[in-house]
Amino acid sequence: MFFAFTLSYLSCLGLCMAMQRHFQQLWPQKKLSPPLARLFSTSGWLLLLGAIILASQFEGIAVGLVFSAGLFSAAAFILILLLNFAARAVLITAALLILLCVVLLV
């Protein structure tokens, strides 16, 4: 389930980075271009779909959908807190989650 949480966090991060305000919280000097916003938005939705599929494979479709909603809510809560209080830690957290997933796969 850690992999589904990581996908949920990354999908929430992608959806947040598709918005100009959140993008400028991490990169104040840069401006979000429309193609980059579409890329972030599309990748966020695809990662969310991947998290739902992964959770559904672990728990079955009925419980998996509820579980993935809970995982997405927890990931969004963590991301909201990080964006408000430690914006630079958002990318570090994403990198650590990806690193832990790679380590757990090996």
# chains A, B, ... in the order shown; residues from 1 in each chain; ligands from 1
call {"tool": "closest_atom_pairs", "arguments": {"of": "range 10-50 of chain A", "to": "range 80-94 of chain A", "cutoff": "8 Å", "atoms": "only C-alpha atoms", "output": "JSON lines"}}
result
{"residue": "A:Leu10", "atom": "CA", "partner": "A:Ala94", "partner_atom": "CA", "distance": 6.8}
{"residue": "A:His22", "atom": "CA", "partner": "A:Leu83", "partner_atom": "CA", "distance": 7.8}
{"residue": "A:Gln25", "atom": "CA", "partner": "A:Ala87", "partner_atom": "CA", "distance": 6.6}
{"residue": "A:Leu26", "atom": "CA", "partner": "A:Ala87", "partner_atom": "CA", "distance": 6.2}
call {"tool": "atom_distance", "arguments": {"atom1": "CA of Trp45 in chain A", "atom2": "CA of Ala74 in chain A"}}
result
16.7 Å
call {"tool": "atom_distance", "arguments": {"atom1": "CA of Leu54 in chain A", "atom2": "CA of Phe67 in chain A"}}
result
10.4 Å
call {"tool": "residues_around", "arguments": {"residues": "range 70-73 of chain A", "least_positions_apart": "3", "cutoff": "8 Å", "atoms": "only C-alpha atoms", "output": "PyMOL selection string"}}
result
chain A and resi 4-5+8-9+12+66-67+76-77
call {"tool": "write_last_selection", "arguments": {"atoms": "N, CA and C atoms", "output": "short mmCIF file (atom, residue, chain, number, x, y, z; two decimals), in the first residue's frame"}}
result
data_model
loop_
_atom_site.label_atom_id
_atom_site.label_comp_id
_atom_site.auth_asym_id
_atom_site.auth_seq_id
_atom_site.Cartn_x
_atom_site.Cartn_y
_atom_site.Cartn_z
N ALA A 4 0.90 2.69 -3.45
CA ALA A 4 -0.33 3.42 -3.78
C ALA A 4 -0.31 4.80 -3.12
N PHE A 5 0.21 4.89 -1.91
CA PHE A 5 0.32 6.20 -1.26
C PHE A 5 1.29 7.10 -2.01
N SER A 8 -0.38 8.36 -4.99
CA SER A 8 -1.37 9.38 -4.61
C SER A 8 -0.69 10.71 -4.32
N TYR A 9 0.43 10.67 -3.62
CA TYR A 9 1.16 11.91 -3.32
C TYR A 9 1.67 12.56 -4.60
N CYS A 12 -1.23 14.10 -6.53
CA CYS A 12 -1.65 15.35 -5.90
C CYS A 12 -0.63 16.46 -6.19
N VAL A 66 -12.40 2.87 -1.88
CA VAL A 66 -12.48 3.62 -0.62
C VAL A 66 -11.07 3.85 -0.06
N PHE A 67 -10.25 2.84 -0.15
CA PHE A 67 -8.89 2.94 0.36
C PHE A 67 -8.09 3.97 -0.43
N ALA A 76 -3.00 14.49 0.12
CA ALA A 76 -3.35 15.90 -0.08
C ALA A 76 -3.15 16.69 1.20
N PHE A 77 -3.51 16.11 2.34
CA PHE A 77 -3.32 16.79 3.62
C PHE A 77 -1.85 17.07 3.88
#
call {"tool": "closest_residue", "arguments": {"among": "A:Leu13, A:Met19, A:Leu32, A:Ala55", "to": "Ala95 in chain A", "atoms": "only C-alpha atoms"}}
result
A:Leu13
call {"tool": "residues_around", "arguments": {"residues": "Thr42 in chain A", "least_positions_apart": "5", "cutoff": "10 Å", "atoms": "only C-alpha atoms", "output": "tab-separated table (two decimals) with N, CA and C atoms, in the first residue's frame"}}
result
chain	number	residue	atom	x	y	z
A	11	SER	N	0.48	12.18	-7.60
A	11	SER	CA	-0.65	12.69	-8.40
A	11	SER	C	-1.16	14.01	-7.83
A	14	GLY	N	1.30	16.62	-8.85
A	14	GLY	CA	1.12	16.99	-10.25
A	14	GLY	C	-0.07	17.91	-10.46
A	15	LEU	N	-1.17	17.61	-9.80
A	15	LEU	CA	-2.36	18.45	-9.92
A	15	LEU	C	-2.13	19.83	-9.30
A	18	ALA	N	0.00	22.05	-11.58
A	18	ALA	CA	-0.70	22.54	-12.77
A	18	ALA	C	-1.34	23.90	-12.51
A	36	LEU	N	3.18	23.11	-20.12
A	36	LEU	CA	3.67	22.50	-18.89
A	36	LEU	C	2.53	22.25	-17.91
A	37	ALA	N	1.57	23.16	-17.87
A	37	ALA	CA	0.40	22.97	-17.00
A	37	ALA	C	-0.41	21.76	-17.45
A	47	LEU	N	-1.47	9.38	-12.73
A	47	LEU	CA	-0.93	8.80	-11.50
A	47	LEU	C	-2.04	8.46	-10.51
A	48	LEU	N	-3.07	9.30	-10.45
A	48	LEU	CA	-4.20	9.00	-9.59
A	48	LEU	C	-4.93	7.75	-10.05
call {"tool": "atom_distance", "arguments": {"atom1": "CA of Ile61 in chain A", "atom2": "CA of Phe2 in chain A"}}
result
17.8 Å
call {"tool": "residues_around", "arguments": {"residues": "Ile52 in chain A", "least_positions_apart": "6", "cutoff": "7 Å", "atoms": "only C-alpha atoms", "output": "VMD selection string"}}
result
chain A and resid 64 to 65 68
call {"tool": "closest_residue", "arguments": {"among": "A:Cys101, A:Leu39, A:Leu49, A:Ala69", "to": "Cys16 in chain A", "atoms": "only C-alpha atoms"}}
result
A:Leu39
